[in-house]
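A.B. asks: Please see the structure below; I have some questions.
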Amino acid sequence: VAKPAVFLDLDGVLGIEMQQINEIDNFNSIPDVASAVRHLNDLKLFCCSIANRSGLAKNLYSVSDVDTFYKRLRDLLKKEAGAKVDAIYYCPYLNTKAGGVKPDFTRWSTWNKPNTGMLIAAAWEYDLDLKHSFVIGDKSTDIEFAHNAGAKGILIKTSTRKQISKGNERFYPYPEFVASDLMEAVKWLDRYFKSP
Ligand SMILES: [Mg+2]
């Protein structure tokens, strides 16, 4: 039976928003994030980290930088709360018009959020029920991303991002829930999955 999943945006949700991922030492998790992920683990919800890593196409950092970064993320989650993500997806692609320069990663891709490629791939790979899954993100485009795939969206109003709407989305998508941080979103999901 296909299972529900929680897709966690990276910048601004699991971690502080960073421009330069290769400055690995600058990466620290947001307080309580590891505990919130642990809560999702305890609820037996499949947890998936999902992000655009277009800096690869812009040649700002390398694949090994990205690997090191995700290792640090996994280590922090484990160390702080015994928490884990079950899968990690990222989109390295960007088209020329959007600033892609590195040939390997410069192209249009269905994996680029808010296109649904990463969600569809995860659903096939791990037998996930997208209709009953949630994307948690800090931008209105994350909610658009969820709805494009028939999933549901929770918007986090993180302190790092005062303005939620960037104004470049095609329409304003209404999230199923708006939370002040990841922990509040997870507590809401706890209640939701006990009595949807
Ligand atoms: Mg974000």
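Labeling convention for the structure tokens: chains A, B, ... as they appear, residues from 1 per chain, ligands from 1 in order of appearance.
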Which residues of chain A have any atom within 9 Å of an atom in ligand 1 when counting only C-alpha atoms and all ligand atoms, and what is the closest pair of atoms for each, with the distance in Å to one decimal? Order the rows by chain and rising number and write it as JSON lines.
C.D. replies:
```
{"residue": "A:Asp9", "atom": "CA", "partner": "ligand 1", "partner_atom_place_in_ligand_line": "1 (Mg)", "distance": 5.5}
{"residue": "A:Leu10", "atom": "CA", "partner": "ligand 1", "partner_atom_place_in_ligand_line": "1 (Mg)", "distance": 5.8}
{"residue": "A:Asp11", "atom": "CA", "partner": "ligand 1", "partner_atom_place_in_ligand_line": "1 (Mg)", "distance": 4.1}
{"residue": "A:Gly12", "atom": "CA", "partner": "ligand 1", "partner_atom_place_in_ligand_line": "1 (Mg)", "distance": 4.6}
{"residue": "A:Val13", "atom": "CA", "partner": "ligand 1", "partner_atom_place_in_ligand_line": "1 (Mg)", "distance": 6.2}
{"residue": "A:Leu14", "atom": "CA", "partner": "ligand 1", "partner_atom_place_in_ligand_line": "1 (Mg)", "distance": 8.7}
{"residue": "A:Gly15", "atom": "CA", "partner": "ligand 1", "partner_atom_place_in_ligand_line": "1 (Mg)", "distance": 8.8}
{"residue": "A:Ile16", "atom": "CA", "partner": "ligand 1", "partner_atom_place_in_ligand_line": "1 (Mg)", "distance": 8.9}
{"residue": "A:Glu17", "atom": "CA", "partner": "ligand 1", "partner_atom_place_in_ligand_line": "1 (Mg)", "distance": 7.1}
{"residue": "A:Ala51", "atom": "CA", "partner": "ligand 1", "partner_atom_place_in_ligand_line": "1 (Mg)", "distance": 7.8}
{"residue": "A:Gly137", "atom": "CA", "partner": "ligand 1", "partner_atom_place_in_ligand_line": "1 (Mg)", "distance": 5.7}
{"residue": "A:Asp138", "atom": "CA", "partner": "ligand 1", "partner_atom_place_in_ligand_line": "1 (Mg)", "distance": 4.9}
{"residue": "A:Lys139", "atom": "CA", "partner": "ligand 1", "partner_atom_place_in_ligand_line": "1 (Mg)", "distance": 6.0}
{"residue": "A:Asp142", "atom": "CA", "partner": "ligand 1", "partner_atom_place_in_ligand_line": "1 (Mg)", "distance": 7.5}
{"residue": "A:Arg161", "atom": "CA", "partner": "ligand 1", "partner_atom_place_in_ligand_line": "1 (Mg)", "distance": 8.9}
```
A.B. asks: Could you give me, as a CSV table (one decimal) with N, CA, C and O atoms, in the first residue's frame, the residues within 10 Å of Arg74 of chain A, counting only C-alpha atoms and dropping anything in the same chain fewer than 5 positions from it?
C.D. replies:
```csv
chain,number,residue,atom,x,y,z
A,34,ALA,N,15.7,19.4,14.4
A,34,ALA,CA,16.0,17.9,14.6
A,34,ALA,C,14.9,17.2,15.4
A,34,ALA,O,14.5,16.1,15.0
A,68,THR,N,29.0,16.5,0.8
A,68,THR,CA,29.5,16.9,2.2
A,68,THR,C,28.4,17.6,3.0
A,68,THR,O,28.2,17.4,4.2
A,69,PHE,N,27.7,18.5,2.3
A,69,PHE,CA,26.6,19.3,2.9
A,69,PHE,C,25.6,18.3,3.5
A,69,PHE,O,25.1,18.5,4.6
A,79,LYS,N,22.7,13.7,15.7
A,79,LYS,CA,23.4,14.1,16.9
A,79,LYS,C,22.4,14.9,17.8
A,79,LYS,O,22.4,14.6,19.0
A,82,GLY,N,18.6,12.2,17.3
A,82,GLY,CA,18.4,10.8,16.8
A,82,GLY,C,17.4,10.8,15.6
A,82,GLY,O,16.7,9.8,15.4
A,83,ALA,N,17.4,11.9,14.9
A,83,ALA,CA,16.4,12.0,13.8
A,83,ALA,C,17.1,11.6,12.4
A,83,ALA,O,18.3,11.6,12.3
A,84,LYS,N,16.3,11.3,11.4
A,84,LYS,CA,16.8,11.0,10.1
A,84,LYS,C,15.8,11.4,9.0
A,84,LYS,O,14.6,11.5,9.2
A,85,VAL,N,16.4,11.7,7.8
A,85,VAL,CA,15.5,11.8,6.6
A,85,VAL,C,15.7,10.4,5.9
A,85,VAL,O,16.8,9.8,5.8
```
A.B. asks: Counting only C-alpha atoms, which residue out of A:Tyr70, A:Tyr93, A:Phe134, A:Tyr61 sits closest to Val6 of chain A?
C.D. replies: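 Using only C-alpha atoms, the shortest distance to Val6 of chain A belongs to A:Phe134.
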A.B. asks: May I ask which of the residues A:Val186, A:Ala87, A:Leu60, A:Lys157 is the closest one to Glu125 of chain A, counting only C-alpha atoms?
C.D. replies: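 Selected residue with least distance to Glu125 of chain A: A:Ala87.
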A.B. asks: Among segment 16-143 of chain A, which residues does DSSP mark as alpha helix (DSSP H) when it is run on the backbone? Keep the chain and numbering as in the structure and answer as a PyMOL selection string.
C.D. replies: chain A and resi 33-42+63-81+117-126+140-143
A.B. asks: Near Asp32 of chain A, counting only C-alpha atoms, which residues have an atom at most 10 Å away, once you skip same-chain residues fewer than 4 positions from it, shown as a PyMOL selection string?
C.D. replies: chain A and resi 14+36-38+77+80-81+181-183
A.B. asks: Any chance you can output those residues with N, CA and C atoms as a PDB file, in the first residue's frame?
C.D. replies:
```pdb
ATOM      1  N   LEU A  14      14.613  23.105   6.907  1.00  0.00           N
ATOM      2  CA  LEU A  14      15.531  22.211   7.637  1.00  0.00           C
ATOM      3  C   LEU A  14      16.776  22.960   8.078  1.00  0.00           C
ATOM      4  N   ALA A  36      11.814  18.137  15.611  1.00  0.00           N
ATOM      5  CA  ALA A  36      10.606  18.083  14.779  1.00  0.00           C
ATOM      6  C   ALA A  36      10.693  16.923  13.795  1.00  0.00           C
ATOM      7  N   VAL A  37      11.876  16.716  13.195  1.00  0.00           N
ATOM      8  CA  VAL A  37      12.052  15.601  12.258  1.00  0.00           C
ATOM      9  C   VAL A  37      11.924  14.277  13.013  1.00  0.00           C
ATOM     10  N   ARG A  38      12.480  14.226  14.240  1.00  0.00           N
ATOM     11  CA  ARG A  38      12.368  13.015  15.064  1.00  0.00           C
ATOM     12  C   ARG A  38      10.901  12.678  15.344  1.00  0.00           C
ATOM     13  N   LEU A  77      21.165  16.097  12.373  1.00  0.00           N
ATOM     14  CA  LEU A  77      19.851  15.560  12.759  1.00  0.00           C
ATOM     15  C   LEU A  77      20.016  14.404  13.748  1.00  0.00           C
ATOM     16  N   GLU A  80      21.587  15.733  17.227  1.00  0.00           N
ATOM     17  CA  GLU A  80      20.717  16.588  18.043  1.00  0.00           C
ATOM     18  C   GLU A  80      19.471  15.877  18.555  1.00  0.00           C
ATOM     19  N   ALA A  81      18.961  14.892  17.806  1.00  0.00           N
ATOM     20  CA  ALA A  81      17.707  14.268  18.262  1.00  0.00           C
ATOM     21  C   ALA A  81      17.526  12.819  17.818  1.00  0.00           C
ATOM     22  N   ASP A 181       6.735  27.664  12.707  1.00  0.00           N
ATOM     23  CA  ASP A 181       7.998  26.941  12.548  1.00  0.00           C
ATOM     24  C   ASP A 181       7.711  25.462  12.264  1.00  0.00           C
ATOM     25  N   LEU A 182       8.772  24.702  12.033  1.00  0.00           N
ATOM     26  CA  LEU A 182       8.594  23.295  11.647  1.00  0.00           C
ATOM     27  C   LEU A 182       7.909  22.489  12.751  1.00  0.00           C
ATOM     28  N   MET A 183       8.263  22.780  14.012  1.00  0.00           N
ATOM     29  CA  MET A 183       7.662  22.026  15.112  1.00  0.00           C
ATOM     30  C   MET A 183       6.145  22.207  15.149  1.00  0.00           C
TER      31      MET A 183
END
```
A.B. asks: Please compute the atom CA of Leu94 of chain A-atom CA of Lys131 of chain A distance, one decimal, in Å.
C.D. replies: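 Straight-line distance from atom CA of Leu94 of chain A to atom CA of Lys131 of chain A works out to 27.5 Å.
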A.B. asks: Might you pull out every residue within 12 Å of Asp129 of chain A, with only C-alpha atoms counted and same-chain residues fewer than 6 positions away left off, and present them as a ChimeraX atom specification?
C.D. replies: /A:1-7,45-46,119-123,149-152
A.B. asks: Let me see the file: selected residues, all heavy atoms, as a short mmCIF file (atom, residue, chain, number, x, y, z; two decimals), in the first residue's frame.
C.D. replies:
```cif
data_model
loop_
_atom_site.label_atom_id
_atom_site.label_comp_id
_atom_site.auth_asym_id
_atom_site.auth_seq_id
_atom_site.Cartn_x
_atom_site.Cartn_y
_atom_site.Cartn_z
N VAL A 1 0.85 -1.20 0.00
CA VAL A 1 0.00 0.00 0.00
C VAL A 1 0.88 1.24 0.00
O VAL A 1 1.82 1.34 0.79
CB VAL A 1 -0.93 0.01 1.24
CG1 VAL A 1 -1.76 1.29 1.27
CG2 VAL A 1 -1.80 -1.22 1.26
N ALA A 2 0.61 2.15 -0.92
CA ALA A 2 1.39 3.40 -0.99
C ALA A 2 1.21 4.18 0.31
O ALA A 2 0.12 4.24 0.87
CB ALA A 2 0.93 4.23 -2.18
N LYS A 3 2.30 4.76 0.78
CA LYS A 3 2.26 5.43 2.08
C LYS A 3 2.40 6.95 1.93
O LYS A 3 2.99 7.43 0.96
CB LYS A 3 3.38 4.89 2.97
CG LYS A 3 4.77 4.93 2.34
CD LYS A 3 5.78 4.19 3.21
CE LYS A 3 7.17 4.13 2.57
NZ LYS A 3 7.24 3.24 1.40
N PRO A 4 1.86 7.71 2.90
CA PRO A 4 2.02 9.16 2.85
C PRO A 4 3.45 9.55 3.21
O PRO A 4 4.15 8.80 3.89
CB PRO A 4 1.04 9.66 3.91
CG PRO A 4 0.87 8.53 4.86
CD PRO A 4 1.07 7.27 4.06
N ALA A 5 3.86 10.71 2.75
CA ALA A 5 5.21 11.20 3.02
C ALA A 5 5.16 12.67 3.40
O ALA A 5 4.18 13.36 3.13
CB ALA A 5 6.10 11.02 1.80
N VAL A 6 6.22 13.11 4.03
CA VAL A 6 6.39 14.54 4.30
C VAL A 6 7.66 14.98 3.58
O VAL A 6 8.75 14.44 3.84
CB VAL A 6 6.49 14.83 5.81
CG1 VAL A 6 6.71 16.32 6.04
CG2 VAL A 6 5.21 14.37 6.52
N PHE A 7 7.50 15.92 2.65
CA PHE A 7 8.63 16.44 1.89
C PHE A 7 9.06 17.75 2.52
O PHE A 7 8.26 18.69 2.64
CB PHE A 7 8.23 16.66 0.43
CG PHE A 7 7.88 15.39 -0.28
CD1 PHE A 7 6.56 14.97 -0.36
CD2 PHE A 7 8.86 14.61 -0.86
CE1 PHE A 7 6.23 13.79 -1.02
CE2 PHE A 7 8.55 13.42 -1.52
CZ PHE A 7 7.23 13.01 -1.60
N LEU A 45 6.15 8.51 9.54
CA LEU A 45 5.90 9.17 8.26
C LEU A 45 7.21 9.22 7.48
O LEU A 45 8.26 9.54 8.04
CB LEU A 45 5.37 10.60 8.49
CG LEU A 45 3.94 10.68 9.00
CD1 LEU A 45 3.63 12.09 9.51
CD2 LEU A 45 2.95 10.30 7.90
N PHE A 46 7.14 8.87 6.21
CA PHE A 46 8.33 8.89 5.36
C PHE A 46 8.79 10.33 5.19
O PHE A 46 8.03 11.20 4.77
CB PHE A 46 7.99 8.27 4.00
CG PHE A 46 9.18 8.05 3.12
CD1 PHE A 46 9.90 6.86 3.19
CD2 PHE A 46 9.57 9.02 2.21
CE1 PHE A 46 11.00 6.65 2.36
CE2 PHE A 46 10.68 8.81 1.39
CZ PHE A 46 11.39 7.63 1.46
N LEU A 119 9.02 14.98 -6.86
CA LEU A 119 7.93 14.32 -6.11
C LEU A 119 7.51 13.04 -6.82
O LEU A 119 7.29 12.00 -6.18
CB LEU A 119 6.74 15.26 -5.95
CG LEU A 119 6.97 16.51 -5.09
CD1 LEU A 119 5.72 17.38 -5.06
CD2 LEU A 119 7.37 16.12 -3.67
N ILE A 120 7.41 13.12 -8.15
CA ILE A 120 6.99 11.94 -8.92
C ILE A 120 8.05 10.83 -8.80
O ILE A 120 7.73 9.66 -8.59
CB ILE A 120 6.80 12.29 -10.42
CG1 ILE A 120 5.85 13.49 -10.59
CG2 ILE A 120 6.32 11.09 -11.23
CD1 ILE A 120 4.43 13.27 -10.21
N ALA A 121 9.32 11.23 -8.92
CA ALA A 121 10.41 10.24 -8.81
C ALA A 121 10.38 9.56 -7.44
O ALA A 121 10.50 8.34 -7.34
CB ALA A 121 11.76 10.92 -9.04
N ALA A 122 10.23 10.36 -6.38
CA ALA A 122 10.19 9.81 -5.03
C ALA A 122 8.99 8.87 -4.86
O ALA A 122 9.10 7.81 -4.25
CB ALA A 122 10.14 10.93 -3.99
N ALA A 123 7.86 9.26 -5.43
CA ALA A 123 6.65 8.44 -5.30
C ALA A 123 6.85 7.07 -5.94
O ALA A 123 6.47 6.05 -5.38
CB ALA A 123 5.45 9.16 -5.94
N ALA A 149 1.51 18.59 -7.87
CA ALA A 149 1.61 17.12 -7.85
C ALA A 149 0.41 16.48 -7.16
O ALA A 149 0.42 15.28 -6.89
CB ALA A 149 2.90 16.70 -7.15
N GLY A 150 -0.59 17.28 -6.81
CA GLY A 150 -1.77 16.73 -6.13
C GLY A 150 -1.55 16.48 -4.66
O GLY A 150 -2.34 15.80 -4.01
N ALA A 151 -0.44 17.01 -4.13
CA ALA A 151 -0.16 16.86 -2.70
C ALA A 151 -0.67 18.10 -1.94
O ALA A 151 -1.24 19.01 -2.54
CB ALA A 151 1.34 16.68 -2.48
N LYS A 152 -0.46 18.12 -0.63
CA LYS A 152 -0.91 19.23 0.20
C LYS A 152 0.31 20.03 0.66
O LYS A 152 1.43 19.51 0.68
CB LYS A 152 -1.67 18.70 1.41
CG LYS A 152 -2.89 17.85 1.03
CD LYS A 152 -3.50 17.20 2.26
CE LYS A 152 -4.39 16.02 1.93
NZ LYS A 152 -5.53 16.36 1.08
#
```
A.B. asks: Nearest residue to Pro92 of chain A out of A:Leu73, A:Leu56, A:Leu130, A:Leu40, using only C-alpha atoms?
C.D. replies: A:Leu56
A.B. asks: Between A:Ser35, A:Tyr126, A:Pro175, A:Leu76, which is the closest to His147 of chain A once you count only C-alpha atoms?
C.D. replies: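 Checking each candidate against His147 of chain A, we get A:Pro175 as the closest.
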A.B. asks: What lies within 12 Å of segment 103-107 of chain A using only C-alpha atoms, ignoring chain neighbours under 5 positions off, as a PyMOL selection string?
C.D. replies: chain A and resi 53-59+62-63+91-98+112
A.B. asks: As an exercise, work out the distance from atom CA of Leu128 of chain A to atom CA of Ser180 of chain A in Å and give it to one decimal place.
C.D. replies: 26.8 Å
A.B. asks: Can you tell me, as a ChimeraX atom specification, which residues in segment 49-78 of chain A count as strand (DSSP E or B) by DSSP?
C.D. replies: /A:49-52
A.B. asks: Tell me, in Å to one decimal, how far atom CA of Ile156 of chain A is from atom CA of Phe177 of chain A.
C.D. replies: 8.7 Å
